[in-house]
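A short write-up of the structure that comes next.
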Amino acid sequence: MIWKRTVLLFLLTITGLAFETSVFGRATLVGAKPELLLLMVVVLGMGEGPAFGATAGFVMGLSTDLVLQLPAGVSALTFTIIGYVVGRARAQVQSPGAWLPMVMVSIATFLGVLFYAAFNRVLGERFGALSVVRAAVLAAAYNCLLTPFVFPLVRALGARLRPRPSEVGL
Amino acid sequence: MIRMFDRSKRVRWLLVILIVASLAIVTIDYRSKGNGPFERIGHVALTILSPIQHGLVTIFRPVGNFFAGFTEVPSLRARVSTLQRQVAELRAGENTVAEIERENESLRKLLGIRDRYNLNTLAAQVIGVSPSNFERTVFIDRGSRAGVKKDMPVIAGDGLVGRVIRVGASTSEILLLIDRTSAVASRVVPSGETGLLEGDGSENTKLELFNPDAKLGVGDRVVTSGYDRGLYPPGIPIGTVVSAPPAQSNLSRVVTIQPYVDFSSLDYVLLIIGQTATSSPSPSGTVAP
């Protein structure tokens, strides 16, 4: 049922944005902030597959852009690609270990921040290469630390609101 | 097998559609230069989000402050004495009183700076911070309903904070002066040398002096010059010179300024609505923050 997924995305997006701008906006790791919504997209991509990962990435990324008045569409593009790639990559792992979510979150966050900065540079923003790499590393580390707390919650929500095979025509 | 193949194809098509949609949005937004439809949608979204932000800040501020102190190793040392005092207060079971005192001190400073510069102001509480690692902005609980307008200067008890860049119905966004896109016309005290203060995304800012031979030293104070088409009133404290290397060229000289305001712990701010006629502080900015 599509409305279940819509509710899930709406709840996660609102909650994620509210936490990002209130709690995690202040709780920085050596000056860097976590990418909470990107972390959620990775978890959804891992648990629900590339299609929902990409859709969640688009919705959450666009919401981030609009609410935070960032260049519209850039986070949407970044999160969409990350959600899709993570969903695809997860399907390739035959026997996932407990460490897999943390590794995937770290790599995805690092690449996501780099891609975001690179795309913005194309649009004329000026970021120092060193500060971008630093932000990417620290955001990846921060997201990695948050994974044990966020992963089970988002994963459980995703599984609970997952449509039955009969509902998606399988 | 055929069904799986179809599904994989559908997923790829979905990806293509979402990427094209994202690129279309990027293009529309880039061409509209901040005045397009997405700006208005953002205002609505921000208005919906602000009550939740407000609630979360109230609930989680003590946790967030603790976590921030724990993770920010470099600033930890500088805060040791403050934390020790807070621990003593906690042991005595006076943490609530301490919090009230801190707020009281913050508000007293705000009143002090308002009265010192005879400013007509509007008080606001910081309810959120931009989570982006590339933007330095905060959200406040006052919007157009309270009379907030774009480009209003914002100060805290210790000095200049930045300016309003976005106004919603009940919330607004403040561009901090440490943001990369911030620029403030400034004056060094006591030399009177002027320059353009720009953020670089870190906790410090850079002041590009118009006179490369300017005589100034570490510890000199920096205030607003009032040259930004009247955007910032003159004489508002900004920070102190922490590094003043010699000029690298004959055209300009860049020195590092540490702002007076601690942007990581902003609670209350004042939006400057106007200044009374008798207000202007001395151009030399002799009043310390």
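The way I read the labels, and the way they are meant: chains A, B, ... in the order of the structure tokens, residue 1 as the first residue of every chain, and ligand 1 as the first ligand shown, with later ones counted on from there.
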Inset, instruction - For Pro259 of chain B, work out the shell of residues within 7 Å, counting only C-alpha atoms and skipping chain neighbours fewer than 2 positions away, then give it as a PyMOL selection string. - result: chain B and resi 204+238-240+257+261
Legend entry - Within 8 Å of Leu36 of chain A using only C-alpha atoms, minus same-chain residues under 2 positions, as a ChimeraX atom specification: /A:16,20,34,38-40,143
Using N, CA, C and O atoms, can you export the residues from the last selection as a JSON list (two decimals), in the first residue's frame?
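Below is the file again29.json, written as the result:
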```json
[["chain", "number", "residue", "atom", "x", "y", "z"],
["A", 16, "GLY", "N", 13.64, 13.67, 10.97],
["A", 16, "GLY", "CA", 15.07, 13.84, 10.66],
["A", 16, "GLY", "C", 15.45, 15.30, 10.56],
["A", 16, "GLY", "O", 16.45, 15.74, 11.14],
["A", 20, "GLU", "N", 17.93, 17.25, 12.96],
["A", 20, "GLU", "CA", 19.14, 17.82, 12.35],
["A", 20, "GLU", "C", 19.30, 19.29, 12.70],
["A", 20, "GLU", "O", 20.39, 19.76, 13.00],
["A", 34, "PRO", "N", 26.46, 15.80, 11.61],
["A", 34, "PRO", "CA", 26.12, 14.55, 10.93],
["A", 34, "PRO", "C", 25.19, 14.82, 9.75],
["A", 34, "PRO", "O", 24.57, 15.88, 9.68],
["A", 38, "LEU", "N", 20.78, 11.69, 5.19],
["A", 38, "LEU", "CA", 21.54, 10.82, 4.29],
["A", 38, "LEU", "C", 21.70, 9.43, 4.93],
["A", 38, "LEU", "O", 21.60, 8.41, 4.25],
["A", 39, "LEU", "N", 21.93, 9.43, 6.24],
["A", 39, "LEU", "CA", 22.03, 8.17, 6.97],
["A", 39, "LEU", "C", 20.73, 7.37, 6.84],
["A", 39, "LEU", "O", 20.75, 6.15, 6.59],
["A", 40, "MET", "N", 19.60, 8.06, 6.97],
["A", 40, "MET", "CA", 18.30, 7.38, 6.84],
["A", 40, "MET", "C", 18.11, 6.82, 5.43],
["A", 40, "MET", "O", 17.58, 5.71, 5.26],
["A", 143, "ASN", "N", 28.24, 9.93, 11.23],
["A", 143, "ASN", "CA", 27.14, 9.05, 10.81],
["A", 143, "ASN", "C", 27.39, 7.60, 11.23],
["A", 143, "ASN", "O", 26.48, 6.88, 11.61]]
```
Inset, instruction - Find the spatial neighbours of Leu8 of chain A, counting only C-alpha atoms, within a cut-off of 9 Å - ignore same-chain residues fewer than 5 positions away - and output them as a list in words. - result: Trp3, Thr13, Leu157, Gly158 and Leu161 of chain A
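Among the candidate residues A:Leu123, A:Leu153, A:Leu100, A:Arg90, the one lying nearest to chain B is A:Leu123, with distances computed using only C-alpha atoms.
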What residues in chain A lie within 7 Å of chain B, counting only C-alpha atoms, written as a CSV table (one decimal) with C-alpha atoms, in the first residue's frame?
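File produced: out.csv:
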```
chain,number,residue,atom,x,y,z
A,18,ALA,CA,13.7,18.6,13.1
A,20,GLU,CA,19.1,17.8,12.4
A,21,THR,CA,18.3,21.5,12.8
A,22,SER,CA,17.8,21.4,16.6
A,23,VAL,CA,19.8,18.7,18.4
A,24,PHE,CA,22.5,17.8,15.9
A,25,GLY,CA,22.9,21.4,14.6
A,26,ARG,CA,24.7,22.1,17.9
A,27,ALA,CA,26.2,18.7,18.7
A,28,THR,CA,29.2,18.9,16.4
A,29,LEU,CA,32.1,16.6,16.0
A,30,VAL,CA,35.2,18.7,15.8
A,31,GLY,CA,33.1,21.3,14.0
A,32,ALA,CA,31.3,18.9,11.7
A,33,LYS,CA,27.7,17.9,11.7
A,51,ALA,CA,13.8,1.7,-5.9
A,54,ALA,CA,16.2,6.3,-4.7
A,58,PHE,CA,14.8,12.2,-3.7
A,66,LEU,CA,13.7,23.4,0.5
A,67,VAL,CA,13.7,23.7,4.3
A,68,LEU,CA,17.3,24.7,4.7
A,69,GLN,CA,17.3,27.0,1.6
A,72,ALA,CA,17.3,23.3,-4.7
A,73,GLY,CA,17.8,19.9,-6.3
A,74,VAL,CA,21.4,19.2,-5.3
A,76,ALA,CA,17.8,15.6,-4.0
A,77,LEU,CA,20.2,14.4,-6.7
A,135,ALA,CA,33.8,17.7,6.3
```
Legend entry - Residue nearest Val218 of chain B among B:Thr194, B:Ser182, B:Gln248, B:Gln258 (counting only C-alpha atoms):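 Looking at the shortest contact to Val218 of chain B, the residue is B:Gln258.
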Legend entry - Computed interatomic separation between atom CA of Arg5 of chain A and atom CA of Glu48 of chain A (Å): 10.7 Å
Legend entry - Within 10 Å of segment 142-147 of chain B using only C-alpha atoms, minus same-chain residues under 6 positions, as a list of chain:residue names: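 My reading of the contact set: B:Thr47, B:Leu122, B:Ala123, B:Ala124, B:Gln125, B:Val126, B:Ile127, B:Arg166, B:Val167, B:Gly168, B:Ala169, B:Ser170, B:Thr171, B:Ser172, B:Glu173, B:Leu271, B:Ile273.
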Restricting the output to N, CA, C and O atoms, write the selected residues as a PDB file, in the first residue's frame.
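File written: out-v7.pdb
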```pdb
ATOM      1  N   THR B  47       7.785  26.883   8.141  1.00  0.00           N
ATOM      2  CA  THR B  47       6.737  27.252   9.101  1.00  0.00           C
ATOM      3  C   THR B  47       6.154  26.007   9.763  1.00  0.00           C
ATOM      4  O   THR B  47       5.880  25.999  10.959  1.00  0.00           O
ATOM      5  N   LEU B 122      14.204  43.795  18.488  1.00  0.00           N
ATOM      6  CA  LEU B 122      13.184  42.773  18.686  1.00  0.00           C
ATOM      7  C   LEU B 122      13.926  41.522  19.158  1.00  0.00           C
ATOM      8  O   LEU B 122      14.861  41.061  18.493  1.00  0.00           O
ATOM      9  N   ALA B 123      13.534  41.002  20.323  1.00  0.00           N
ATOM     10  CA  ALA B 123      14.228  39.829  20.872  1.00  0.00           C
ATOM     11  C   ALA B 123      13.692  38.550  20.240  1.00  0.00           C
ATOM     12  O   ALA B 123      12.520  38.454  19.889  1.00  0.00           O
ATOM     13  N   ALA B 124      14.585  37.574  20.075  1.00  0.00           N
ATOM     14  CA  ALA B 124      14.180  36.285  19.502  1.00  0.00           C
ATOM     15  C   ALA B 124      15.013  35.179  20.117  1.00  0.00           C
ATOM     16  O   ALA B 124      16.132  35.406  20.570  1.00  0.00           O
ATOM     17  N   GLN B 125      14.452  33.983  20.112  1.00  0.00           N
ATOM     18  CA  GLN B 125      15.184  32.824  20.629  1.00  0.00           C
ATOM     19  C   GLN B 125      15.648  31.963  19.458  1.00  0.00           C
ATOM     20  O   GLN B 125      14.913  31.778  18.487  1.00  0.00           O
ATOM     21  N   VAL B 126      16.860  31.465  19.576  1.00  0.00           N
ATOM     22  CA  VAL B 126      17.388  30.575  18.544  1.00  0.00           C
ATOM     23  C   VAL B 126      16.756  29.204  18.736  1.00  0.00           C
ATOM     24  O   VAL B 126      16.855  28.620  19.816  1.00  0.00           O
ATOM     25  N   ILE B 127      16.074  28.701  17.698  1.00  0.00           N
ATOM     26  CA  ILE B 127      15.376  27.417  17.839  1.00  0.00           C
ATOM     27  C   ILE B 127      16.000  26.331  16.968  1.00  0.00           C
ATOM     28  O   ILE B 127      15.605  25.175  17.059  1.00  0.00           O
ATOM     29  N   ARG B 166      16.180  35.012   5.459  1.00  0.00           N
ATOM     30  CA  ARG B 166      14.904  34.421   5.020  1.00  0.00           C
ATOM     31  C   ARG B 166      13.879  34.620   6.119  1.00  0.00           C
ATOM     32  O   ARG B 166      14.182  34.404   7.289  1.00  0.00           O
ATOM     33  N   VAL B 167      12.694  35.029   5.718  1.00  0.00           N
ATOM     34  CA  VAL B 167      11.645  35.304   6.700  1.00  0.00           C
ATOM     35  C   VAL B 167      10.414  34.450   6.403  1.00  0.00           C
ATOM     36  O   VAL B 167       9.872  34.495   5.305  1.00  0.00           O
ATOM     37  N   GLY B 168      10.009  33.650   7.392  1.00  0.00           N
ATOM     38  CA  GLY B 168       8.765  32.903   7.288  1.00  0.00           C
ATOM     39  C   GLY B 168       7.719  33.607   8.139  1.00  0.00           C
ATOM     40  O   GLY B 168       7.984  34.676   8.691  1.00  0.00           O
ATOM     41  N   ALA B 169       6.551  33.004   8.280  1.00  0.00           N
ATOM     42  CA  ALA B 169       5.501  33.653   9.059  1.00  0.00           C
ATOM     43  C   ALA B 169       5.881  33.740  10.536  1.00  0.00           C
ATOM     44  O   ALA B 169       5.699  34.776  11.166  1.00  0.00           O
ATOM     45  N   SER B 170       6.420  32.650  11.072  1.00  0.00           N
ATOM     46  CA  SER B 170       6.732  32.655  12.506  1.00  0.00           C
ATOM     47  C   SER B 170       8.169  32.249  12.790  1.00  0.00           C
ATOM     48  O   SER B 170       8.521  31.947  13.919  1.00  0.00           O
ATOM     49  N   THR B 171       8.982  32.211  11.772  1.00  0.00           N
ATOM     50  CA  THR B 171      10.384  31.854  11.966  1.00  0.00           C
ATOM     51  C   THR B 171      11.235  32.526  10.890  1.00  0.00           C
ATOM     52  O   THR B 171      10.722  32.908   9.838  1.00  0.00           O
ATOM     53  N   SER B 172      12.507  32.718  11.181  1.00  0.00           N
ATOM     54  CA  SER B 172      13.411  33.349  10.206  1.00  0.00           C
ATOM     55  C   SER B 172      14.761  32.659  10.264  1.00  0.00           C
ATOM     56  O   SER B 172      15.087  31.990  11.240  1.00  0.00           O
ATOM     57  N   GLU B 173      15.527  32.868   9.199  1.00  0.00           N
ATOM     58  CA  GLU B 173      16.865  32.273   9.143  1.00  0.00           C
ATOM     59  C   GLU B 173      17.907  33.394   9.165  1.00  0.00           C
ATOM     60  O   GLU B 173      17.767  34.392   8.460  1.00  0.00           O
ATOM     61  N   LEU B 271      17.147  41.478  17.024  1.00  0.00           N
ATOM     62  CA  LEU B 271      17.106  41.951  15.643  1.00  0.00           C
ATOM     63  C   LEU B 271      17.000  43.472  15.691  1.00  0.00           C
ATOM     64  O   LEU B 271      16.140  44.009  16.400  1.00  0.00           O
ATOM     65  N   ILE B 273      15.822  46.789  14.635  1.00  0.00           N
ATOM     66  CA  ILE B 273      14.756  47.383  13.818  1.00  0.00           C
ATOM     67  C   ILE B 273      15.182  48.776  13.374  1.00  0.00           C
ATOM     68  O   ILE B 273      14.918  49.213  12.263  1.00  0.00           O
TER      69      ILE B 273
END
```
Legend entry - Atomic distance atom CA of Lys109 of chain B - atom CA of Arg85 of chain B, expressed in Å with one decimal: 20.0 Å
